[in-house]
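A.B. asks: Below is the file target_2.json, which contains JSON, C-alpha atoms.
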[["chain", "number", "residue", "atom", "x", "y", "z"],
["A", 11, "MET", "CA", 0.00, 0.00, 0.00],
["A", 12, "ILE", "CA", 1.34, 3.44, -0.92],
["A", 13, "ARG", "CA", 0.85, 5.56, 2.15],
["A", 14, "TRP", "CA", 3.09, 8.58, 2.26],
["A", 15, "ALA", "CA", 3.95, 11.38, -0.07],
["A", 16, "ASP", "CA", 5.73, 14.66, -0.11],
["A", 17, "LEU", "CA", 4.27, 16.36, -3.12],
["A", 18, "TYR", "CA", 6.46, 19.44, -3.30],
["A", 19, "ILE", "CA", 10.20, 19.58, -2.74],
["A", 20, "GLU", "CA", 12.11, 22.61, -3.99],
["A", 21, "ARG", "CA", 15.71, 21.43, -3.75],
["A", 22, "LEU", "CA", 17.42, 18.12, -3.15],
["A", 23, "ASP", "CA", 20.81, 16.96, -1.92],
["A", 24, "GLU", "CA", 22.33, 13.60, -0.98],
["A", 25, "ASN", "CA", 21.25, 13.75, 2.67],
["A", 26, "MET", "CA", 17.68, 14.49, 1.67],
["A", 27, "ILE", "CA", 17.56, 11.63, -0.85],
["A", 28, "GLU", "CA", 18.92, 9.23, 1.77],
["A", 29, "PHE", "CA", 16.33, 10.41, 4.30],
["A", 30, "ILE", "CA", 13.42, 10.19, 1.85],
["A", 31, "SER", "CA", 14.26, 6.70, 0.62],
["A", 32, "ARG", "CA", 14.64, 5.38, 4.17],
["A", 33, "ASN", "CA", 11.39, 6.80, 5.46],
["A", 34, "ARG", "CA", 8.58, 5.22, 3.50],
["A", 35, "ILE", "CA", 7.94, 8.37, 1.50],
["A", 36, "ARG", "CA", 6.96, 6.74, -1.75],
["A", 37, "VAL", "CA", 5.65, 9.60, -3.87],
["A", 38, "VAL", "CA", 7.84, 12.66, -4.30],
["A", 39, "GLY", "CA", 6.79, 15.80, -6.12],
["A", 40, "LEU", "CA", 9.74, 17.76, -7.46],
["A", 41, "LYS", "CA", 9.77, 21.36, -8.61],
["A", 42, "ASP", "CA", 10.18, 21.44, -12.41],
["A", 43, "GLU", "CA", 13.67, 22.98, -12.30],
["A", 44, "ILE", "CA", 15.16, 20.04, -10.35],
["A", 45, "PHE", "CA", 13.00, 17.27, -11.84],
["A", 46, "ASP", "CA", 15.30, 16.27, -14.71],
["A", 47, "THR", "CA", 18.38, 16.16, -12.48],
["A", 48, "TYR", "CA", 16.93, 13.88, -9.81],
["A", 49, "ASN", "CA", 14.15, 11.90, -11.49],
["A", 50, "ASN", "CA", 16.25, 8.90, -12.55],
["A", 51, "LEU", "CA", 18.14, 8.81, -9.27],
["A", 52, "LEU", "CA", 14.92, 8.66, -7.23],
["A", 53, "ARG", "CA", 13.31, 6.11, -9.55],
["A", 54, "LYS", "CA", 16.31, 3.84, -8.99],
["A", 55, "ARG", "CA", 15.63, 4.06, -5.28],
["A", 56, "ASP", "CA", 12.09, 2.74, -5.75],
["A", 57, "LEU", "CA", 10.39, 6.13, -5.40],
["A", 58, "ILE", "CA", 7.58, 7.45, -7.56],
["A", 59, "THR", "CA", 8.24, 10.96, -8.83],
["A", 60, "ILE", "CA", 5.91, 13.68, -10.07],
["A", 61, "LYS", "CA", 6.93, 16.81, -11.92],
["A", 62, "ARG", "CA", 5.39, 19.91, -10.33],
["A", 63, "LEU", "CA", 5.14, 22.83, -12.69],
["A", 64, "TYR", "CA", 5.66, 26.03, -10.73],
["A", 65, "ILE", "CA", 3.54, 29.00, -11.86],
["A", 66, "GLU", "CA", 3.16, 32.46, -10.31],
["A", 67, "ASP", "CA", 0.70, 33.99, -12.77],
["A", 68, "ALA", "CA", -2.91, 32.75, -12.79],
["A", 69, "ASP", "CA", -3.21, 33.50, -16.54],
["A", 70, "GLN", "CA", -0.59, 30.86, -17.31],
["A", 71, "ILE", "CA", -2.72, 28.06, -15.87],
["A", 72, "SER", "CA", -4.00, 26.15, -18.85],
["A", 73, "HIS", "CA", -5.75, 22.87, -19.64],
["A", 74, "LYS", "CA", -2.97, 22.12, -22.11],
["A", 75, "ILE", "CA", -0.45, 21.62, -19.31],
["A", 76, "LYS", "CA", -0.23, 17.95, -18.45],
["A", 77, "ASP", "CA", 2.00, 18.29, -15.37],
["A", 78, "LEU", "CA", 0.52, 18.86, -11.94],
["A", 79, "ILE", "CA", 0.63, 22.63, -11.50],
["A", 80, "VAL", "CA", 1.65, 24.29, -8.27],
["A", 81, "PHE", "CA", 0.35, 27.84, -8.36],
["A", 82, "ARG", "CA", 1.92, 30.29, -5.93],
["A", 83, "PRO", "CA", -0.12, 33.50, -5.91],
["A", 84, "LEU", "CA", 1.70, 36.67, -5.01],
["A", 85, "ASP", "CA", -1.34, 38.80, -4.25],
["A", 86, "LYS", "CA", -4.88, 38.43, -2.99],
["A", 87, "ASN", "CA", -6.65, 38.97, -6.33],
["A", 88, "SER", "CA", -4.49, 36.49, -8.16],
["A", 89, "MET", "CA", -5.21, 33.92, -5.44],
["A", 90, "ARG", "CA", -8.96, 34.48, -5.74],
["A", 91, "ARG", "CA", -8.76, 34.16, -9.52],
["A", 92, "GLY", "CA", -6.76, 30.94, -9.23],
["A", 93, "GLY", "CA", -9.31, 29.52, -6.82],
["A", 94, "LYS", "CA", -12.10, 29.83, -9.38],
["A", 95, "ILE", "CA", -10.33, 27.94, -12.18],
["A", 96, "ARG", "CA", -11.83, 24.56, -13.00],
["A", 97, "LEU", "CA", -8.67, 22.51, -13.31],
["A", 98, "THR", "CA", -6.90, 20.08, -11.01],
["A", 99, "PHE", "CA", -3.92, 21.89, -9.52],
["A", 100, "THR", "CA", -2.82, 23.21, -6.15],
["A", 101, "ILE", "CA", -2.61, 26.68, -4.67],
["A", 102, "LEU", "CA", 0.55, 26.95, -2.63],
["A", 103, "ILE", "CA", 0.36, 28.57, 0.78],
["A", 104, "ASP", "CA", 3.71, 29.57, 2.23],
["A", 105, "GLU", "CA", 5.34, 32.26, 4.35],
["A", 106, "GLU", "CA", 4.64, 34.96, 1.73],
["A", 107, "ASN", "CA", 0.94, 34.48, 1.14],
["A", 108, "TYR", "CA", -0.61, 32.69, 4.14],
["A", 109, "GLU", "CA", -2.52, 35.81, 5.15],
["A", 110, "TYR", "CA", -4.60, 35.70, 1.96],
["A", 111, "CYS", "CA", -6.16, 32.39, 2.92],
["A", 112, "SER", "CA", -9.39, 33.76, 4.34],
["A", 113, "ASP", "CA", -13.10, 32.92, 4.35],
["A", 114, "GLU", "CA", -13.53, 34.67, 0.97],
["A", 115, "GLN", "CA", -10.74, 32.60, -0.56],
["A", 116, "ILE", "CA", -12.32, 29.33, 0.58],
["A", 117, "GLU", "CA", -15.68, 30.57, -0.70],
["A", 118, "ALA", "CA", -14.07, 31.27, -4.11],
["A", 119, "MET", "CA", -12.48, 27.83, -4.16],
["A", 120, "ARG", "CA", -15.81, 26.09, -3.73],
["A", 121, "GLY", "CA", -16.56, 26.99, -7.34],
["A", 122, "GLY", "CA", -13.26, 25.73, -8.73],
["A", 123, "SER", "CA", -11.41, 22.45, -8.47],
["A", 124, "ALA", "CA", -8.09, 23.55, -7.04],
["A", 125, "SER", "CA", -6.72, 22.15, -3.79],
["A", 126, "LEU", "CA", -4.83, 24.01, -1.11],
["A", 127, "GLU", "CA", -1.22, 22.96, -0.65],
["A", 128, "ILE", "CA", 0.08, 24.07, 2.72],
["A", 129, "LEU", "CA", 3.84, 24.18, 3.17],
["A", 130, "ALA", "CA", 5.17, 22.92, 6.47],
["A", 131, "ARG", "CA", 8.56, 24.59, 6.00],
["A", 132, "PRO", "CA", 7.60, 27.98, 7.59],
["A", 133, "LEU", "CA", 6.71, 26.15, 10.81],
["A", 134, "LEU", "CA", 10.43, 25.74, 11.46],
["A", 135, "ASP", "CA", 10.94, 29.49, 11.61],
["A", 136, "GLU", "CA", 10.84, 30.52, 15.29],
["A", 137, "GLU", "CA", 9.36, 33.96, 14.61],
["A", 138, "LEU", "CA", 6.85, 32.93, 11.99],
["A", 139, "PHE", "CA", 5.75, 29.72, 13.68],
["A", 140, "PRO", "CA", 2.89, 30.92, 15.98],
["A", 141, "ARG", "CA", 1.31, 33.27, 13.45],
["A", 142, "TYR", "CA", 1.65, 30.89, 10.51],
["A", 143, "LEU", "CA", 0.24, 27.97, 12.52],
["A", 144, "ARG", "CA", -2.73, 30.02, 13.71],
["A", 145, "TYR", "CA", -3.57, 31.12, 10.17],
["A", 146, "ILE", "CA", -3.25, 27.72, 8.53],
["A", 147, "LYS", "CA", -5.17, 26.03, 11.34],
["A", 148, "TYR", "CA", -8.10, 28.35, 10.69],
["A", 149, "CYS", "CA", -7.74, 28.10, 6.91],
["A", 150, "VAL", "CA", -7.50, 24.29, 6.81],
["A", 151, "ARG", "CA", -10.45, 23.74, 9.11],
["A", 152, "LYS", "CA", -12.55, 26.14, 7.05],
["A", 153, "ALA", "CA", -11.48, 24.42, 3.83],
["A", 154, "LEU", "CA", -12.35, 20.96, 5.11],
["A", 155, "ILE", "CA", -15.80, 22.11, 6.23],
["A", 156, "ASN", "CA", -16.41, 23.53, 2.74],
["A", 157, "GLY", "CA", -15.18, 20.43, 0.92],
["A", 158, "VAL", "CA", -11.93, 21.92, -0.39],
["A", 159, "ASP", "CA", -9.08, 19.39, -0.49],
["A", 160, "VAL", "CA", -6.00, 20.26, 1.50],
["A", 161, "ILE", "CA", -2.59, 18.66, 1.30],
["A", 162, "LEU", "CA", 0.52, 19.15, 3.40],
["A", 163, "SER", "CA", 3.89, 19.31, 1.66],
["A", 164, "SER", "CA", 7.27, 20.12, 3.09],
["A", 165, "GLY", "CA", 8.54, 22.47, 0.34],
["A", 166, "ALA", "CA", 11.97, 21.50, 1.62],
["A", 167, "ARG", "CA", 15.17, 23.07, 0.30],
["A", 168, "ARG", "CA", 17.55, 21.32, 2.69],
["A", 169, "PHE", "CA", 17.60, 18.27, 4.97],
["A", 170, "GLU", "CA", 16.41, 20.15, 8.05],
["A", 171, "GLU", "CA", 13.24, 21.23, 6.25],
["A", 172, "LEU", "CA", 12.05, 17.73, 5.43],
["A", 173, "PHE", "CA", 9.26, 16.28, 7.52],
["A", 174, "SER", "CA", 9.11, 12.54, 8.15],
["A", 175, "PRO", "CA", 5.77, 10.78, 7.50],
["A", 176, "GLY", "CA", 5.21, 10.51, 11.27],
["A", 177, "SER", "CA", 5.82, 14.24, 11.77],
["A", 178, "MET", "CA", 3.41, 15.07, 8.95],
["A", 179, "ARG", "CA", 0.80, 12.89, 10.62],
["A", 180, "LEU", "CA", 1.28, 14.64, 13.96],
["A", 181, "LEU", "CA", 1.07, 18.02, 12.26],
["A", 182, "GLU", "CA", -2.11, 16.98, 10.54],
["A", 183, "ARG", "CA", -3.57, 15.82, 13.84],
["A", 184, "TYR", "CA", -2.74, 19.15, 15.43],
["A", 185, "ILE", "CA", -4.03, 21.30, 12.57],
["A", 186, "THR", "CA", -7.26, 19.49, 11.80],
["A", 187, "GLY", "CA", -8.03, 17.90, 15.16],
["A", 188, "VAL", "CA", -8.68, 14.55, 13.46],
["A", 189, "ARG", "CA", -6.43, 11.95, 11.92],
["A", 190, "GLY", "CA", -6.52, 10.82, 8.33],
["A", 191, "SER", "CA", -8.30, 13.82, 6.82],
["A", 192, "LEU", "CA", -5.29, 15.27, 5.01],
["A", 193, "THR", "CA", -3.07, 12.21, 4.72],
["A", 194, "TYR", "CA", -5.16, 10.75, 1.97],
["A", 195, "SER", "CA", -6.08, 14.03, 0.29],
["A", 196, "TRP", "CA", -2.93, 13.94, -1.82],
["A", 197, "TYR", "CA", -4.10, 10.60, -3.14],
["A", 198, "THR", "CA", -7.49, 12.03, -4.12],
["A", 199, "LEU", "CA", -5.72, 14.95, -5.77],
["A", 200, "LEU", "CA", -3.49, 12.67, -7.85],
["A", 201, "GLU", "CA", -6.46, 10.54, -8.80],
["A", 202, "ARG", "CA", -8.32, 13.59, -10.06],
["A", 203, "TRP", "CA", -5.25, 14.86, -11.87],
["A", 204, "ASN", "CA", -4.34, 11.63, -13.62],
["A", 205, "LYS", "CA", -6.30, 8.50, -12.80],
["A", 206, "LYS", "CA", -4.21, 6.39, -15.14],
["A", 207, "PHE", "CA", -1.01, 7.46, -13.39],
["A", 208, "VAL", "CA", -2.39, 6.39, -10.01],
["A", 209, "GLU", "CA", -3.55, 3.02, -11.36],
["A", 210, "GLU", "CA", -0.09, 2.40, -12.83],
["A", 211, "MET", "CA", 1.47, 3.53, -9.54],
["A", 212, "ILE", "CA", -0.56, 0.92, -7.62],
["A", 213, "ILE", "CA", 0.23, -1.88, -10.09],
["A", 214, "GLU", "CA", 3.95, -1.01, -10.03],
["A", 215, "LYS", "CA", 3.97, -1.08, -6.23],
["A", 216, "ARG", "CA", 2.01, -4.35, -6.04],
["A", 217, "GLU", "CA", 4.43, -6.06, -8.40],
["A", 218, "LYS", "CA", 7.41, -4.99, -6.34],
["A", 219, "THR", "CA", 5.97, -6.12, -3.00],
["B", 6, "MET", "CA", -21.15, 19.79, 32.86],
["B", 7, "LYS", "CA", -18.49, 18.19, 30.68],
["B", 8, "LYS", "CA", -16.33, 15.70, 32.57],
["B", 9, "GLU", "CA", -12.64, 16.48, 32.58],
["B", 10, "ARG", "CA", -10.56, 13.73, 31.01],
["B", 11, "LYS", "CA", -8.29, 11.84, 33.34],
["B", 12, "PRO", "CA", -4.63, 12.27, 32.39],
["B", 13, "ARG", "CA", -3.13, 8.98, 31.26],
["B", 14, "LYS", "CA", 0.39, 8.01, 30.39],
["B", 15, "ARG", "CA", 1.20, 7.47, 26.73],
["B", 16, "TYR", "CA", 4.42, 6.17, 25.25],
["B", 17, "LEU", "CA", 5.81, 7.45, 21.97],
["B", 18, "VAL", "CA", 8.16, 5.15, 20.07],
["B", 19, "PHE", "CA", 10.49, 7.17, 17.87],
["B", 20, "LYS", "CA", 13.61, 7.02, 15.79],
["B", 21, "LEU", "CA", 16.22, 9.71, 15.62],
["B", 22, "TYR", "CA", 17.76, 10.28, 12.21],
["B", 23, "THR", "CA", 21.01, 12.22, 12.45],
["B", 24, "ILE", "CA", 23.68, 13.24, 10.01],
["B", 25, "GLY", "CA", 26.94, 12.41, 11.70],
["B", 26, "GLY", "CA", 27.14, 10.98, 15.21],
["B", 27, "SER", "CA", 24.22, 9.94, 17.35],
["B", 28, "PRO", "CA", 23.86, 11.61, 20.79],
["B", 29, "ASP", "CA", 24.08, 9.46, 23.92],
["B", 30, "PHE", "CA", 21.18, 9.07, 26.38],
["B", 31, "GLU", "CA", 22.29, 11.86, 28.73],
["B", 32, "THR", "CA", 22.93, 14.38, 25.94],
["B", 33, "PHE", "CA", 19.59, 13.65, 24.34],
["B", 34, "ARG", "CA", 17.78, 13.88, 27.68],
["B", 35, "SER", "CA", 19.29, 17.24, 28.54],
["B", 36, "PHE", "CA", 18.55, 18.48, 25.03],
["B", 37, "LEU", "CA", 14.90, 17.38, 25.35],
["B", 38, "ASP", "CA", 14.55, 19.14, 28.72],
["B", 39, "ASP", "CA", 15.92, 22.40, 27.33],
["B", 40, "TYR", "CA", 13.92, 22.15, 24.13],
["B", 41, "MET", "CA", 10.61, 21.42, 25.87],
["B", 42, "ARG", "CA", 11.23, 24.24, 28.35],
["B", 43, "ARG", "CA", 11.74, 26.63, 25.45],
["B", 44, "PHE", "CA", 8.70, 25.39, 23.56],
["B", 45, "LEU", "CA", 6.16, 24.97, 26.36],
["B", 46, "GLY", "CA", 7.47, 27.42, 28.94],
["B", 47, "LEU", "CA", 8.01, 26.53, 32.59],
["B", 48, "SER", "CA", 4.34, 26.08, 33.47],
["B", 49, "GLY", "CA", 3.72, 24.00, 30.37],
["B", 50, "LEU", "CA", 6.61, 21.76, 31.28],
["B", 51, "ILE", "CA", 5.08, 21.01, 34.69],
["B", 52, "ASP", "CA", 1.83, 19.78, 33.13],
["B", 53, "SER", "CA", 3.31, 17.88, 30.21],
["B", 54, "ARG", "CA", 5.56, 15.60, 32.31],
["B", 55, "VAL", "CA", 7.65, 14.62, 29.28],
["B", 56, "LYS", "CA", 10.29, 12.00, 30.12],
["B", 57, "LEU", "CA", 12.79, 10.16, 28.00],
["B", 58, "ILE", "CA", 12.42, 6.53, 29.06],
["B", 59, "ARG", "CA", 14.80, 4.77, 26.73],
["B", 60, "TYR", "CA", 17.18, 5.69, 23.95],
["B", 61, "ASP", "CA", 19.67, 3.43, 22.24],
["B", 62, "GLN", "CA", 22.61, 5.29, 20.77],
["B", 63, "GLU", "CA", 23.38, 2.52, 18.27],
["B", 64, "THR", "CA", 19.95, 1.73, 16.84],
["B", 65, "ARG", "CA", 18.65, 5.28, 17.52],
["B", 66, "TYR", "CA", 15.25, 4.00, 18.63],
["B", 67, "GLY", "CA", 13.73, 5.38, 21.80],
["B", 68, "ILE", "CA", 10.64, 5.85, 23.96],
["B", 69, "ILE", "CA", 9.26, 9.07, 25.41],
["B", 70, "ARG", "CA", 6.53, 9.21, 28.03],
["B", 71, "ILE", "CA", 3.89, 11.90, 27.64],
["B", 72, "ILE", "CA", 0.54, 12.67, 29.24],
["B", 73, "SER", "CA", -2.65, 12.22, 27.23],
["B", 74, "THR", "CA", -4.20, 15.60, 28.07],
["B", 75, "ASP", "CA", -1.36, 17.59, 26.47],
["B", 76, "ILE", "CA", -0.64, 15.17, 23.71],
["B", 77, "ASP", "CA", -1.21, 17.44, 20.68],
["B", 78, "THR", "CA", 0.99, 20.30, 21.84],
["B", 79, "VAL", "CA", 3.79, 18.03, 22.99],
["B", 80, "LEU", "CA", 3.75, 16.04, 19.77],
["B", 81, "LEU", "CA", 3.79, 19.26, 17.77],
["B", 82, "ALA", "CA", 6.94, 20.24, 19.64],
["B", 83, "PHE", "CA", 8.62, 16.98, 18.62],
["B", 84, "THR", "CA", 7.88, 17.54, 14.94],
["B", 85, "ARG", "CA", 10.04, 20.72, 15.05],
["B", 86, "ILE", "CA", 13.23, 19.08, 16.31],
["B", 87, "ARG", "CA", 15.83, 19.71, 13.62],
["B", 88, "ASP", "CA", 19.17, 19.67, 15.39],
["B", 89, "ILE", "CA", 20.59, 18.25, 18.59],
["B", 90, "LYS", "CA", 23.53, 20.22, 19.93],
["B", 91, "ASP", "CA", 24.44, 21.45, 16.42],
["B", 92, "THR", "CA", 24.07, 18.01, 14.82],
["B", 93, "PRO", "CA", 21.40, 18.02, 12.07],
["B", 94, "ALA", "CA", 18.70, 15.61, 13.16],
["B", 95, "SER", "CA", 15.17, 14.60, 12.38],
["B", 96, "PHE", "CA", 12.75, 13.18, 14.92],
["B", 97, "ILE", "CA", 10.65, 10.39, 13.44],
["B", 98, "PRO", "CA", 7.58, 9.43, 15.50],
["B", 99, "LEU", "CA", 6.64, 5.80, 14.88],
["B", 100, "ARG", "CA", 4.01, 4.57, 17.35],
["B", 101, "LEU", "CA", 1.96, 5.85, 20.23],
["B", 102, "THR", "CA", 1.01, 3.21, 22.79],
["B", 103, "GLY", "CA", -0.87, 3.06, 26.05],
["B", 104, "ASN", "CA", 1.65, 0.99, 27.98],
["B", 105, "LEU", "CA", 5.39, 0.64, 28.18],
["B", 106, "SER", "CA", 5.52, -3.09, 27.48],
["B", 107, "ARG", "CA", 3.84, -2.63, 24.12],
["B", 108, "ALA", "CA", 6.19, 0.22, 23.25],
["B", 109, "LEU", "CA", 9.14, -2.05, 24.06],
["B", 110, "LYS", "CA", 7.61, -4.76, 21.89],
["B", 111, "TYR", "CA", 7.50, -2.36, 18.92],
["B", 112, "ILE", "CA", 11.07, -1.29, 19.52],
["B", 113, "LYS", "CA", 12.21, -4.93, 19.53],
["B", 114, "ARG", "CA", 10.38, -5.45, 16.25],
["B", 115, "TYR", "CA", 12.00, -2.41, 14.64],
["B", 116, "GLU", "CA", 15.45, -3.35, 15.91],
["B", 117, "LYS", "CA", 15.05, -6.86, 14.53],
["B", 118, "ARG", "CA", 14.53, -5.36, 11.08],
["B", 119, "ILE", "CA", 17.92, -3.63, 11.26],
["B", 120, "GLN", "CA", 19.68, -6.90, 12.15]]
Turn the structure described in the file into structure tokens.
C.D. replies:
Amino acid sequence: MIRWADLYIERLDENMIEFISRNRIRVVGLKDEIFDTYNNLLRKRDLITIKRLYIEDADQISHKIKDLIVFRPLDKNSMRRGGKIRLTFTILIDEENYEYCSDEQIEAMRGGSASLEILARPLLDEELFPRYLRYIKYCVRKALINGVDVILSSGARRFEELFSPGSMRLLERYITGVRGSLTYSWYTLLERWNKKFVEEMIIEKREKT
Amino acid sequence: MKKERKPRKRYLVFKLYTIGGSPDFETFRSFLDDYMRRFLGLSGLIDSRVKLIRYDQETRYGIIRIISTDIDTVLLAFTRIRDIKDTPASFIPLRLTGNLSRALKYIKRYEKRIQ
């Protein structure tokens, strides 16, 4: 059974690869600029990789793009616009834009089919930690009530920023108050994005085990 | 009136992943004390009653005792551990059990896998 994923990693090094392959993280999403460099290496280590196309402008989001888009809005209006688009992709919430995730944003997202992708990386910043946690806690709970999918990714750029599957689970428990609500959201997201890919992923895993 | 939940002991089985050397029991215990004091504050530390029960420097598996009423906050603190005395480290929570014997059973199972 494929259980754990980290769907957005910004940079990789040897320590991070070693950590990922030892910790039952089976699906790894890599930012497009590092995908070609590390794809083969991770595949050799029995990991399933996904190319994440990083976009900052809502107008660039198109149905023609076959990769799983990660849209990082830089202002409130762009975030609202992105939320209304009917396409499977994720809206990245990080240290720069977490304040835009409000009731109105969730309301806008009800009409679209984007998911929220919350980065865990800012939680490691001592100063940002309390404020960021308070905001995402509110935002995630609101999203789940309104049927908007939420996934947690590390967004790691170095070893210290990676979260083990267990840590992700504990974070999820703290943020949502229940277990299992976010852990499997990434799976739903992938299934909506590319059902065939998920079916192949399951077959590949079954054959190996 | 809502009944207050009785505090119960819980045992967290974990693994420490470090780059470089692994800390010994005493170093890790003193680090945990300092870290929890910083995260929870003095009053929080009194209520949480966090205690390192076991830690094996070689296998890097260990058990921490926590109290059920403060479980979420204490576990959140563990997820943020990133270095132990300047050694890059990652805290990997594995199991949460209700009694020590079961936690030890899990540890034995994990250690067997390494051998």
A.B. asks: For chain A, which residues have at least one atom within 10 Å of chain B, if we go by all atoms listed in the file? Write them as a ChimeraX atom specification, please.
C.D. replies: /A:25,29,32-33,131,133-136,169-185,187
A.B. asks: Rounded to one decimal, what separation in Å do you get between atom CA of A:Thr198 and atom CA of A:Asp159?
C.D. replies: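 So the answer is 8.4 Å.
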A.B. asks: Take every atom of stretch 205-212 of chain A listed in the file, pad by 6 Å on each side, and give me the axis-aligned box centre and edge lengths in Å, one decimal, as AutoDock Vina command-line options.
C.D. replies:
--center_x -2.4 --center_y 4.7 --center_z -11.4 --size_x 19.8 --size_y 19.6 --size_z 19.5
A.B. asks: Expressed in Å to a single decimal, how great is the separation between atom CA of A:Asp104 and atom CA of A:Ile128?
C.D. replies: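 A separation of 6.6 Å between them.
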A.B. asks: Using all atoms listed in the file, pick whichever of A:Ser88, A:Asn49, A:Ser112, A:Ser72 has the shortest atom-to-atom distance to A:Cys149.
C.D. replies: A:Ser112
A.B. asks: Quote the spacing between atom CA of A:Gln70 and atom CA of A:Lys152 in Å to one decimal place.
C.D. replies: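 Value for the atom CA of A:Gln70-atom CA of A:Lys152 distance: 27.5 Å.
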